[in-house]
file upload_35.cif (mmCIF, C-alpha atoms)
data_final
loop_
_atom_site.label_atom_id
_atom_site.label_comp_id
_atom_site.auth_asym_id
_atom_site.auth_seq_id
_atom_site.Cartn_x
_atom_site.Cartn_y
_atom_site.Cartn_z
CA CYS A 1 -17.47 34.36 0.30
CA ALA A 2 -14.28 34.93 -1.66
CA ARG A 3 -13.80 31.20 -2.22
CA LYS A 4 -17.20 30.98 -3.95
CA ARG A 5 -16.73 34.13 -6.02
CA LEU A 6 -13.38 33.11 -7.42
CA LYS A 7 -13.03 30.82 -10.40
CA ALA A 8 -9.73 29.16 -11.25
CA ARG A 9 -8.67 28.58 -14.84
CA LEU A 10 -5.50 26.69 -15.68
CA LEU A 11 -3.67 27.01 -18.98
CA PRO A 12 -0.47 25.39 -20.27
CA SER A 13 1.76 28.32 -21.12
CA GLN A 14 5.08 27.31 -22.62
CA THR A 15 7.87 24.79 -22.66
CA LEU A 16 11.34 25.91 -21.73
CA SER A 17 14.37 23.59 -21.39
CA GLY A 18 12.19 20.53 -20.94
CA TYR A 19 9.84 22.12 -18.41
CA LEU A 20 6.18 22.89 -18.82
CA THR A 21 5.08 26.11 -17.17
CA MET A 22 1.50 25.99 -15.84
CA ARG A 23 -0.07 29.42 -15.36
CA ALA A 24 -3.01 29.77 -12.99
CA TYR A 25 -5.44 32.64 -13.58
CA CYS A 26 -7.87 33.89 -10.99
CA THR A 27 -10.96 35.90 -11.92
CA SER A 28 -13.58 37.45 -9.69
CA THR A 29 -17.10 38.70 -10.34
CA SER A 30 -16.22 42.08 -8.86
CA ALA A 31 -12.65 42.55 -10.01
CA THR A 32 -9.84 40.67 -11.66
CA ALA A 33 -7.24 39.34 -9.27
CA THR A 34 -3.73 38.65 -10.48
CA CYS A 35 -2.15 35.30 -9.70
CA LYS A 36 1.59 35.47 -9.05
CA THR A 37 2.17 31.84 -8.05
CA LEU A 38 3.59 29.58 -10.79
CA GLN A 39 4.50 25.89 -10.67
CA LEU A 40 7.05 24.29 -13.01
CA THR A 41 6.63 20.61 -13.81
CA ARG A 42 8.76 18.41 -15.99
CA ALA A 43 7.38 18.14 -19.51
CA PRO A 44 7.11 14.58 -20.86
CA ARG A 45 9.58 13.75 -23.59
CA HIS A 46 6.97 13.58 -26.32
CA ALA A 47 5.89 17.16 -25.48
CA LYS A 48 9.35 18.73 -25.68
CA GLN A 49 8.95 19.39 -29.39
CA ALA A 50 5.66 21.17 -28.88
CA SER A 51 5.34 24.80 -29.84
CA ALA A 52 6.44 27.49 -27.44
CA ARG A 53 2.88 28.52 -26.62
CA PHE A 54 -0.36 26.55 -26.58
CA PRO A 55 -3.70 28.25 -27.28
CA GLN A 56 -6.42 27.71 -24.72
CA THR A 57 -8.14 25.01 -26.75
CA GLN A 58 -4.97 23.09 -27.69
CA TYR A 59 -3.26 20.92 -25.09
CA PRO A 60 -0.22 18.65 -25.23
CA SER A 61 -1.05 14.96 -25.49
CA CYS A 62 -0.18 14.34 -21.84
CA HIS A 63 -2.22 17.34 -20.64
CA SER A 64 -5.66 16.63 -22.06
CA PRO A 65 -8.62 18.82 -20.98
CA HIS A 66 -9.56 15.98 -18.60
CA ARG A 67 -6.18 16.13 -16.91
CA VAL A 68 -6.24 19.92 -16.77
CA HIS A 69 -9.62 19.70 -15.07
CA GLN A 70 -8.08 17.31 -12.54
CA LEU A 71 -5.25 19.77 -11.98
CA GLN A 72 -7.76 22.55 -11.37
CA ARG A 73 -9.12 20.54 -8.46
CA CYS A 74 -5.64 20.58 -6.92
CA CYS A 75 -5.53 24.39 -6.87
CA SER A 76 -6.28 26.16 -3.63
CA VAL A 77 -7.17 29.80 -3.14
CA GLN A 78 -5.35 31.62 -0.40
CA GLU A 79 -7.24 33.75 2.10
CA ASP A 80 -6.31 36.98 0.33
CA GLY A 81 -8.12 35.78 -2.81
CA ARG A 82 -5.18 36.61 -5.06
CA ALA A 83 -2.84 33.64 -5.23
CA LEU A 84 -3.32 30.03 -6.28
CA VAL A 85 -1.14 27.16 -5.17
CA LEU A 86 -0.73 24.49 -7.83
CA SER A 87 0.73 21.02 -7.34
CA THR A 88 0.55 18.25 -9.93
CA ARG A 89 1.58 15.70 -7.31
CA ASN A 90 -1.57 16.02 -5.21
CA LYS A 91 -3.73 14.10 -7.66
CA TYR A 92 -1.30 11.18 -7.65
CA TYR A 93 -0.98 10.92 -3.87
CA ARG A 94 -2.95 8.21 -2.09
CA GLU A 95 -2.78 6.55 1.28
CA VAL A 96 -4.34 3.67 3.18
CA ARG A 97 -7.02 5.12 5.42
CA LEU A 98 -6.13 3.80 8.86
CA GLY A 99 -6.85 6.71 11.17
CA SER A 100 -6.17 5.66 14.76
CA LEU A 101 -5.28 2.13 13.60
CA ASP A 102 -1.88 3.15 12.25
CA GLU A 103 -0.21 1.50 15.26
CA LEU A 104 -1.48 -1.87 13.97
CA ASN A 105 0.44 -1.44 10.70
CA VAL A 106 3.41 -3.45 11.96
CA PRO A 107 4.61 -7.01 11.26
CA ALA A 108 3.39 -9.63 13.73
CA PRO A 109 3.22 -13.45 13.97
CA GLU A 110 0.12 -14.70 12.15
CA ASN A 111 0.30 -18.50 12.50
CA TYR A 112 0.97 -20.96 15.31
CA TYR A 113 4.50 -21.85 14.19
CA ALA A 114 5.57 -18.22 13.90
CA LEU A 115 3.99 -17.61 17.30
CA LEU A 116 6.13 -20.36 18.84
CA ALA A 117 9.21 -19.08 16.94
CA ILE A 118 9.52 -22.46 15.21
CA ASP A 119 10.33 -22.96 11.54
CA PHE A 120 7.31 -24.55 9.88
CA ASP A 121 9.40 -26.15 7.12
CA SER A 122 11.70 -27.89 9.60
CA SER A 123 8.98 -30.36 10.67
CA PRO A 124 9.30 -29.70 14.43
CA THR A 125 8.68 -32.57 16.82
CA GLN A 126 6.19 -32.55 19.68
CA ASP A 127 9.08 -32.02 22.11
CA ASP A 128 10.07 -28.86 20.20
CA ILE A 129 6.50 -27.59 20.36
CA LYS A 130 6.14 -28.38 24.05
CA ALA A 131 9.41 -26.63 24.95
CA ALA A 132 8.53 -23.49 22.97
CA TYR A 133 5.02 -23.40 24.46
CA ARG A 134 6.23 -23.67 28.07
CA LYS A 135 8.87 -21.00 27.52
CA LEU A 136 6.33 -18.50 26.17
CA GLN A 137 3.69 -19.29 28.77
CA ARG A 138 6.15 -18.50 31.56
CA LEU A 139 6.96 -15.21 29.81
CA VAL A 140 3.42 -14.00 29.04
CA HIS A 141 1.37 -15.49 31.87
CA PRO A 142 -1.34 -13.01 32.95
CA ASP A 143 -0.27 -13.33 36.60
CA ILE A 144 3.13 -11.93 35.59
CA VAL A 145 2.38 -9.52 32.75
CA GLY A 146 -1.14 -8.50 33.67
CA PRO A 147 -4.50 -8.33 31.84
CA SER A 148 -2.85 -7.38 28.53
CA ALA A 149 -1.53 -10.95 28.27
CA HIS A 150 -4.91 -12.66 28.63
CA SER A 151 -5.56 -12.87 24.88
CA MET A 152 -2.09 -14.28 24.24
CA ALA A 153 -2.60 -16.94 26.92
CA VAL A 154 -5.83 -18.01 25.21
CA ILE A 155 -4.14 -18.19 21.78
CA LEU A 156 -1.16 -20.12 23.15
CA ASN A 157 -3.45 -22.70 24.75
CA ALA A 158 -5.30 -23.16 21.44
CA CYS A 159 -1.96 -23.42 19.64
CA TYR A 160 -0.72 -26.12 22.01
CA THR A 161 -3.96 -28.11 21.78
CA THR A 162 -3.91 -28.05 17.98
CA LEU A 163 -0.27 -28.87 17.37
CA MET A 164 -0.01 -31.61 19.99
CA ASP A 165 -2.90 -33.55 18.44
CA GLU A 166 -1.74 -35.43 15.33
CA ALA A 167 -5.06 -35.23 13.48
CA LEU A 168 -5.61 -31.55 14.26
CA ARG A 169 -2.02 -30.71 13.40
CA ALA A 170 -2.22 -32.47 10.02
CA ALA A 171 -5.39 -30.53 9.16
CA TYR A 172 -3.88 -27.27 10.37
CA ASP A 173 -0.64 -27.82 8.42
CA PHE A 174 -2.59 -28.44 5.21
CA GLU A 175 -4.61 -25.25 5.65
CA LEU A 176 -1.50 -23.27 6.53
CA LYS A 177 0.34 -24.38 3.39
CA GLN A 178 -2.55 -23.17 1.24
CA PHE A 179 -2.67 -19.89 3.14
CA LEU A 180 1.06 -19.25 2.73
CA LYS A 181 0.84 -19.93 -1.01
CA GLY A 182 -1.66 -17.10 -1.29
CA LEU A 183 -1.14 -13.91 0.65
CA GLY A 184 1.39 -15.25 3.14
CA THR A 185 2.55 -13.43 6.26
CA PHE A 186 3.25 -9.71 6.53
CA ASP A 187 6.88 -9.40 7.62
CA GLY A 188 7.16 -5.62 7.28
CA ARG A 189 9.86 -5.75 4.61
CA PRO A 190 9.20 -3.86 1.36
CA VAL A 191 9.58 -5.61 -1.98
CA SER A 192 11.32 -2.65 -3.63
CA ALA A 193 14.79 -1.48 -2.63
CA TRP A 194 15.20 1.95 -1.07
CA MET A 195 17.53 4.33 -2.93
CA GLY A 196 16.02 7.60 -1.78
CA ALA A 197 17.24 10.02 0.87
CA GLU A 198 16.88 8.98 4.50
CA GLY A 199 14.63 11.94 5.20
CA GLU A 200 12.30 11.17 2.27
CA THR A 201 8.82 10.25 3.51
CA ARG A 202 7.29 9.44 0.13
CA ALA A 203 7.48 6.28 -1.91
CA VAL A 204 6.18 5.22 -5.33
CA PHE A 205 3.67 2.40 -5.72
CA VAL A 206 2.10 0.79 -8.79
CA ALA A 207 -1.44 -0.58 -8.44
CA GLU A 208 -0.77 -3.58 -10.67
CA ASN A 209 -4.44 -4.53 -10.82
CA GLU A 210 -5.03 -1.30 -12.80
CA CYS A 211 -1.85 -1.45 -14.93
CA ILE A 212 -2.27 -2.27 -18.64
CA GLY A 213 1.40 -3.00 -19.32
CA CYS A 214 2.06 0.01 -21.57
CA ARG A 215 5.73 0.28 -20.44
CA ASN A 216 5.65 4.11 -20.44
CA CYS A 217 6.97 4.31 -16.89
CA THR A 218 9.86 1.93 -17.61
CA LEU A 219 10.92 4.09 -20.55
CA SER A 220 10.77 7.33 -18.55
CA ALA A 221 12.42 6.04 -15.35
CA PRO A 222 14.13 2.70 -16.15
CA ASN A 223 16.06 2.56 -12.88
CA THR A 224 12.86 2.84 -10.86
CA PHE A 225 10.30 0.76 -12.77
CA TYR A 226 10.43 -2.59 -14.53
CA MET A 227 7.95 -5.07 -16.06
CA GLU A 228 7.42 -8.16 -13.91
CA ASP A 229 7.29 -11.44 -15.83
CA GLU A 230 4.35 -13.26 -14.24
CA HIS A 231 1.56 -10.84 -15.17
CA GLY A 232 3.35 -8.36 -17.46
CA ARG A 233 2.63 -5.36 -15.23
CA ALA A 234 4.82 -2.49 -14.13
CA ARG A 235 6.40 -2.62 -10.70
CA VAL A 236 8.82 -0.51 -8.69
CA MET A 237 12.18 -2.19 -8.18
CA ASN A 238 14.15 0.77 -6.75
CA GLN A 239 12.50 3.60 -4.86
CA TRP A 240 13.79 6.88 -6.32
CA GLY A 241 16.21 5.02 -8.58
CA ASP A 242 15.95 7.99 -10.97
CA ASP A 243 15.81 11.74 -10.49
CA GLU A 244 12.53 13.04 -9.12
CA GLU A 245 11.78 14.79 -12.43
CA LEU A 246 12.03 11.49 -14.30
CA VAL A 247 9.89 9.71 -11.72
CA GLN A 248 7.26 12.45 -12.01
CA GLU A 249 7.42 12.13 -15.79
CA ALA A 250 6.81 8.40 -15.49
CA VAL A 251 3.87 8.95 -13.16
CA GLU A 252 2.25 11.47 -15.50
CA SER A 253 2.84 9.32 -18.58
CA CYS A 254 0.67 6.48 -17.26
CA PRO A 255 -2.50 6.44 -19.40
CA VAL A 256 -4.63 4.85 -16.65
CA ASP A 257 -3.12 6.73 -13.66
CA CYS A 258 -2.16 3.57 -11.75
CA ILE A 259 1.08 4.97 -10.23
CA TYR A 260 0.78 6.71 -6.88
CA TYR A 261 2.90 8.54 -4.36
CA VAL A 262 2.33 6.88 -0.98
CA GLN A 263 3.65 7.19 2.54
CA ARG A 264 6.93 5.38 2.98
CA SER A 265 5.60 3.83 6.20
CA GLN A 266 2.68 2.26 4.30
CA LEU A 267 4.74 0.93 1.38
CA PRO A 268 5.57 -2.51 2.91
CA LEU A 269 1.90 -3.13 3.65
CA LEU A 270 0.78 -2.11 0.16
CA GLU A 271 3.41 -4.23 -1.58
CA PHE A 272 2.47 -7.19 0.63
CA ILE A 273 -1.26 -6.81 -0.09
CA MET A 274 -0.59 -6.38 -3.80
CA LYS A 275 0.66 -9.98 -3.96
CA GLY A 276 -2.86 -11.24 -3.26
CA CYS A 277 -4.77 -8.86 -5.56
CA LYS A 278 -6.27 -10.26 -8.74
CA ARG A 279 -4.81 -9.06 -12.06
CA GLU A 280 -7.44 -8.92 -14.75
CA ASN A 281 -6.62 -9.75 -18.37
CA VAL A 282 -5.39 -6.61 -20.13
CA ALA A 283 -7.58 -7.27 -23.21
CA ILE A 284 -10.70 -7.52 -21.03
CA MET A 285 -9.71 -4.28 -19.27
CA GLY A 286 -9.42 -2.57 -22.66
CA ARG A 287 -12.82 -3.82 -23.80
CA ARG A 288 -14.40 -2.61 -20.59
CA ARG A 289 -12.91 0.89 -20.97
CA SER A 290 -14.26 1.05 -24.53
CA GLY A 291 -17.76 0.17 -23.32
CA ASN A 292 -17.88 -3.22 -25.05
CA MET A 293 -17.86 -5.28 -21.87
CA GLY A 294 -21.03 -5.73 -19.86
CA SER A 295 -19.55 -7.34 -16.75
CA ALA A 296 -18.18 -5.25 -13.92
CA GLY A 297 -14.45 -5.07 -13.31
CA ALA A 298 -12.67 -6.85 -10.50
CA LYS A 299 -12.80 -4.54 -7.49
CA ASP A 300 -9.56 -5.72 -5.89
CA CYS A 301 -8.09 -2.38 -4.86
CA PRO A 302 -4.87 -2.80 -2.83
CA PHE A 303 -5.61 0.33 -0.79
CA ASP A 304 -9.03 -0.96 0.27
CA ARG A 305 -7.69 -4.45 0.95
CA ALA A 306 -4.86 -3.02 3.06
CA SER A 307 -7.38 -1.05 5.12
CA ARG A 308 -9.52 -4.17 5.65
CA TYR A 309 -6.43 -6.18 6.57
CA ILE A 310 -5.51 -3.80 9.39
CA ARG A 311 -9.09 -3.38 10.57
CA ALA A 312 -9.42 -7.17 10.80
CA ARG A 313 -6.77 -7.06 13.51
CA LYS A 314 -8.77 -4.56 15.51
CA ASP A 315 -12.05 -6.47 15.11
CA ALA A 316 -10.62 -9.97 15.63
CA LYS A 317 -12.47 -12.09 18.19
CA ILE A 318 -9.84 -13.96 20.16
CA GLU A 319 -12.11 -16.43 21.94
CA GLU A 320 -14.00 -17.40 18.79
CA ALA A 321 -10.84 -17.90 16.75
CA ALA A 322 -9.22 -19.97 19.49
CA SER A 323 -12.28 -22.18 20.01
CA ALA A 324 -12.63 -22.77 16.26
CA SER A 325 -9.05 -23.98 16.01
CA ARG A 326 -9.67 -26.49 18.79
CA GLY A 327 -12.65 -28.01 16.97
CA ASN A 328 -12.81 -31.05 14.78
CA ARG A 329 -11.39 -29.10 11.83
CA ALA A 330 -8.35 -26.98 12.64
CA ALA A 331 -8.36 -24.35 9.90
CA HIS A 332 -5.93 -21.51 9.41
CA ASP A 333 -7.63 -18.54 7.77
CA GLU A 334 -7.56 -14.77 7.80
CA GLU A 335 -9.66 -14.61 10.99
CA LEU A 336 -7.22 -16.74 12.97
CA ALA A 337 -4.22 -14.86 11.53
CA ALA A 338 -5.75 -11.55 12.61
CA ALA A 339 -6.53 -12.92 16.09
CA ILE A 340 -2.94 -14.14 16.58
CA ALA A 341 -1.57 -10.76 15.47
CA LYS A 342 -3.99 -8.88 17.72
CA ALA A 343 -3.08 -10.94 20.79
CA TRP A 344 0.63 -10.38 20.09
CA LEU A 345 0.23 -6.63 19.59
CA GLU A 346 -1.65 -6.29 22.88
CA LEU A 347 1.46 -7.41 24.78
CA PRO A 348 3.79 -4.74 26.19
CA ALA A 349 6.64 -3.80 23.86
CA GLU A 350 9.32 -5.11 26.23
CA ILE A 351 7.64 -8.52 26.41
CA ARG A 352 7.44 -8.72 22.62
CA SER A 353 11.11 -7.82 22.32
CA LYS A 354 12.11 -10.45 24.85
CA GLY A 355 9.99 -13.31 23.55
CA TRP A 356 10.06 -12.54 19.80
CA PRO A 357 13.22 -10.52 19.06
CA GLU A 358 13.13 -11.34 15.34
CA TRP A 359 9.69 -9.70 15.00
CA ALA A 360 10.42 -6.79 17.33
CA GLU A 361 13.52 -5.83 15.31
CA VAL A 362 11.52 -5.55 12.10
#

call {"tool": "encode", "arguments": {"input": "upload_35.cif", "output": "structure tokens"}}
result
Amino acid sequence: CARKRLKARLLPSQTLSGYLTMRAYCTSTSATATCKTLQLTRAPRHAKQASARFPQTQYPSCHSPHRVHQLQRCCSVQEDGRALVLSTRNKYYREVRLGSLDELNVPAPENYYALLAIDFDSSPTQDDIKAAYRKLQRLVHPDIVGPSAHSMAVILNACYTTLMDEALRAAYDFELKQFLKGLGTFDGRPVSAWMGAEGETRAVFVAENECIGCRNCTLSAPNTFYMEDEHGRARVMNQWGDDEELVQEAVESCPVDCIYYVQRSQLPLLEFIMKGCKRENVAIMGRRRSGNMGSAGAKDCPFDRASRYIRARKDAKIEEAASASRGNRAAHDEELAAAIAKAWLELPAEIRSKGWPEWAEV
């Protein structure tokens, strides 16, 4: 097999006008094949003063042997066994693994007040709740819409029972306030502003739970990244606020590789989930990397949490969530939020647009 016989070896070749030329060599056990495919990547600023040619054993500070090994894994051998395709962006690309569940990655009502299209902070009266309930029940009744509205009818009945009882409503309101202080509700709106081209499908995302606050990215691409005040971590404020070369330079300059290229369609979900991820103390993170910390790190990956968040919608048990909310303790938690979203997403698109235009527009 040609793929098994060939061995790729990647060497930094030279810097020219701020660019680092990466040459890929391809050797075979039977004969030497010549690689004619080259990839030019922006050289970080601190490498621009490097010598014009680097020996095999000497690498620029941003291209350590570890990083070169990672780049080798991004090379692919074409069928003819002669050319290698090299891309430094592959190793920084990551996505939320949703598979067939991508259709669930949309904003949806996740609490009883949002379901009734009532502002929670306005302290609605029982008459307001009753009017909103009757309006929606006429719209989504299973006899009119069909079997797809059965789950929504169950959720609406549980909603009405909870909010019309003073004791249950007080307990539910308390739980909801605590829930909204934490993760909140996914509204589908990204935190960062979009300044890229309309046809651009990529976005840039910082996993703040991995960031150590080194500020390298803010120095390389100051119009794209900034340091948020609460935790002292890097964050994207403007998508593609700088030239792509500067953004790539910022990505490569991160010493812990916590900046990723992601799908633009998944950016709102990731930025929403990131709000609820735990940020570990930077000093403790440094001690752990040096091997002086025995405890395991906080495994609060935003990509994994985003995947679990969407899968919770698929696996939500409508009847159990509705019956729990009608019990002696009306709690609002992630299970009930997922059940409300699932019941809403099961409705036909035209019914959602008619009954909840503010959610359908997003």

call {"tool": "resolve_selection", "arguments": {"input": "upload_35.cif", "expression": "the PyMOL selection byres ((chain A and resi 300-307) around 9)", "output": "PyMOL selection string"}}
result
chain A and resi 94-98+207-210+269-274+276-279+297-299+308-312

call {"tool": "resolve_selection", "arguments": {"input": "upload_35.cif", "expression": "the PyMOL selection byres ((chain A and resi 268) around 10)", "output": "NGL selection string"}}
result
:A and (105-107 or 186-192 or 263-267 or 269-274)

call {"tool": "atom_distance", "arguments": {"input": "upload_35.cif", "atom1": "CA of Glu319 (chain A)", "atom2": "CA of Leu163 (chain A)"}}
result
17.8 Å

call {"tool": "atom_distance", "arguments": {"input": "upload_35.cif", "atom1": "CA of Asp143 (chain A)", "atom2": "CA of Pro109 (chain A)"}}
result
22.9 Å

call {"tool": "atom_distance", "arguments": {"input": "upload_35.cif", "atom1": "CA of Leu219 (chain A)", "atom2": "CA of Gly241 (chain A)"}}
result
13.1 Å

call {"tool": "closest_residue", "arguments": {"input": "upload_35.cif", "among": "A:Thr218, A:Asn111, A:Ser123, A:Ser151", "to": "Leu176 (chain A)", "atoms": "only C-alpha atoms"}}
result
A:Asn111

call {"tool": "closest_residue", "arguments": {"input": "upload_35.cif", "among": "A:Arg288, A:Gln248, A:Asn238, A:Ile340", "to": "Tyr113 (chain A)", "atoms": "only C-alpha atoms"}}
result
A:Ile340

call {"tool": "residues_around", "arguments": {"input": "upload_35.cif", "residues": "Asn223 (chain A)", "least_positions_apart": "6", "cutoff": "12 Å", "atoms": "only C-alpha atoms", "output": "list in words"}}
result
Ser192, Ala193, Trp194, Met195, Cys217, Arg235, Val236, Met237, Asn238, Gln239, Trp240, Gly241, Asp242, Asp243, Glu244, Leu246, Val247 and Ala250 of chain A

call {"tool": "residues_around", "arguments": {"input": "upload_35.cif", "residues": "Ala316 (chain A)", "least_positions_apart": "2", "cutoff": "9 Å", "atoms": "only C-alpha atoms", "output": "PyMOL selection string"}}
result
chain A and resi 311-314+318+320-321+335-336+338-340+342

call {"tool": "closest_residue", "arguments": {"input": "upload_35.cif", "among": "A:Tyr92, A:Phe225, A:Tyr112, A:Tyr133", "to": "Gly355 (chain A)", "atoms": "all atoms listed in the file"}}
result
A:Tyr133

call {"tool": "residues_around", "arguments": {"input": "upload_35.cif", "residues": "Glu346 (chain A)", "least_positions_apart": "4", "cutoff": "10 Å", "atoms": "all atoms listed in the file", "output": "NGL selection string"}}
result
:A and (104 or 147-152 or 341-342 or 352)

call {"tool": "decode", "arguments": {"input": "upload_35.cif", "residues": "region 238-246 of chain A", "atoms": "all heavy atoms", "output": "CSV table (one decimal), in the first residue's frame"}}
result
chain,number,residue,atom,x,y,z
A,238,ASN,N,-15.1,40.6,17.9
A,238,ASN,CA,-15.5,40.8,16.5
A,238,ASN,C,-15.0,39.7,15.7
A,238,ASN,O,-13.7,39.4,15.6
A,238,ASN,CB,-14.9,42.1,15.9
A,238,ASN,CG,-15.5,43.3,16.7
A,238,ASN,OD1,-16.7,43.5,16.9
A,238,ASN,ND2,-14.6,44.2,17.1
A,239,GLN,N,-15.9,38.9,15.0
A,239,GLN,CA,-15.4,37.8,14.2
A,239,GLN,C,-14.8,38.4,12.9
A,239,GLN,O,-15.4,39.2,12.2
A,239,GLN,CB,-16.7,37.0,13.8
A,239,GLN,CG,-17.2,36.2,14.9
A,239,GLN,CD,-16.3,35.1,15.4
A,239,GLN,OE1,-15.5,34.6,14.7
A,239,GLN,NE2,-16.5,34.7,16.7
A,240,TRP,N,-13.5,38.0,12.7
A,240,TRP,CA,-12.8,38.5,11.5
A,240,TRP,C,-12.6,40.0,11.5
A,240,TRP,O,-12.7,40.7,10.5
A,240,TRP,CB,-13.4,38.0,10.2
A,240,TRP,CG,-13.6,36.6,10.1
A,240,TRP,CD1,-14.8,35.9,10.2
A,240,TRP,CD2,-12.6,35.5,10.1
A,240,TRP,NE1,-14.6,34.5,10.1
A,240,TRP,CE2,-13.3,34.3,10.1
A,240,TRP,CE3,-11.2,35.5,10.0
A,240,TRP,CZ2,-12.6,33.1,10.0
A,240,TRP,CZ3,-10.6,34.3,10.0
A,240,TRP,CH2,-11.3,33.1,9.9
A,241,GLY,N,-12.4,40.5,12.8
A,241,GLY,CA,-12.1,42.0,12.9
A,241,GLY,C,-10.8,42.4,12.3
A,241,GLY,O,-10.5,43.5,12.1
A,242,ASP,N,-9.9,41.4,12.1
A,242,ASP,CA,-8.6,41.6,11.5
A,242,ASP,C,-8.4,40.8,10.3
A,242,ASP,O,-9.3,39.9,10.0
A,242,ASP,CB,-7.5,41.3,12.5
A,242,ASP,CG,-7.5,42.1,13.8
A,242,ASP,OD1,-6.9,43.2,13.7
A,242,ASP,OD2,-8.1,41.7,14.8
A,243,ASP,N,-7.4,41.0,9.5
A,243,ASP,CA,-7.1,40.2,8.3
A,243,ASP,C,-6.9,38.7,8.8
A,243,ASP,O,-6.5,38.4,9.9
A,243,ASP,CB,-5.8,40.7,7.6
A,243,ASP,CG,-6.0,42.1,7.0
A,243,ASP,OD1,-7.2,42.4,6.8
A,243,ASP,OD2,-5.0,42.8,6.8
A,244,GLU,N,-7.2,37.8,7.8
A,244,GLU,CA,-7.1,36.4,8.2
A,244,GLU,C,-5.7,36.0,8.6
A,244,GLU,O,-5.5,35.1,9.4
A,244,GLU,CB,-7.6,35.6,7.0
A,244,GLU,CG,-7.6,34.1,7.3
A,244,GLU,CD,-8.2,33.3,6.1
A,244,GLU,OE1,-8.8,33.9,5.2
A,244,GLU,OE2,-8.2,32.0,6.2
A,245,GLU,N,-4.7,36.7,8.0
A,245,GLU,CA,-3.3,36.3,8.4
A,245,GLU,C,-3.0,36.7,9.8
A,245,GLU,O,-2.4,35.9,10.5
A,245,GLU,CB,-2.3,37.1,7.5
A,245,GLU,CG,-2.3,36.6,6.0
A,245,GLU,CD,-3.4,37.2,5.2
A,245,GLU,OE1,-4.2,38.0,5.7
A,245,GLU,OE2,-3.5,36.9,4.0
A,246,LEU,N,-3.6,37.8,10.3
A,246,LEU,CA,-3.4,38.2,11.7
A,246,LEU,C,-4.2,37.3,12.6
A,246,LEU,O,-3.7,37.0,13.7
A,246,LEU,CB,-3.8,39.6,11.9
A,246,LEU,CG,-3.0,40.7,11.1
A,246,LEU,CD1,-3.5,42.1,11.4
A,246,LEU,CD2,-1.5,40.6,11.6
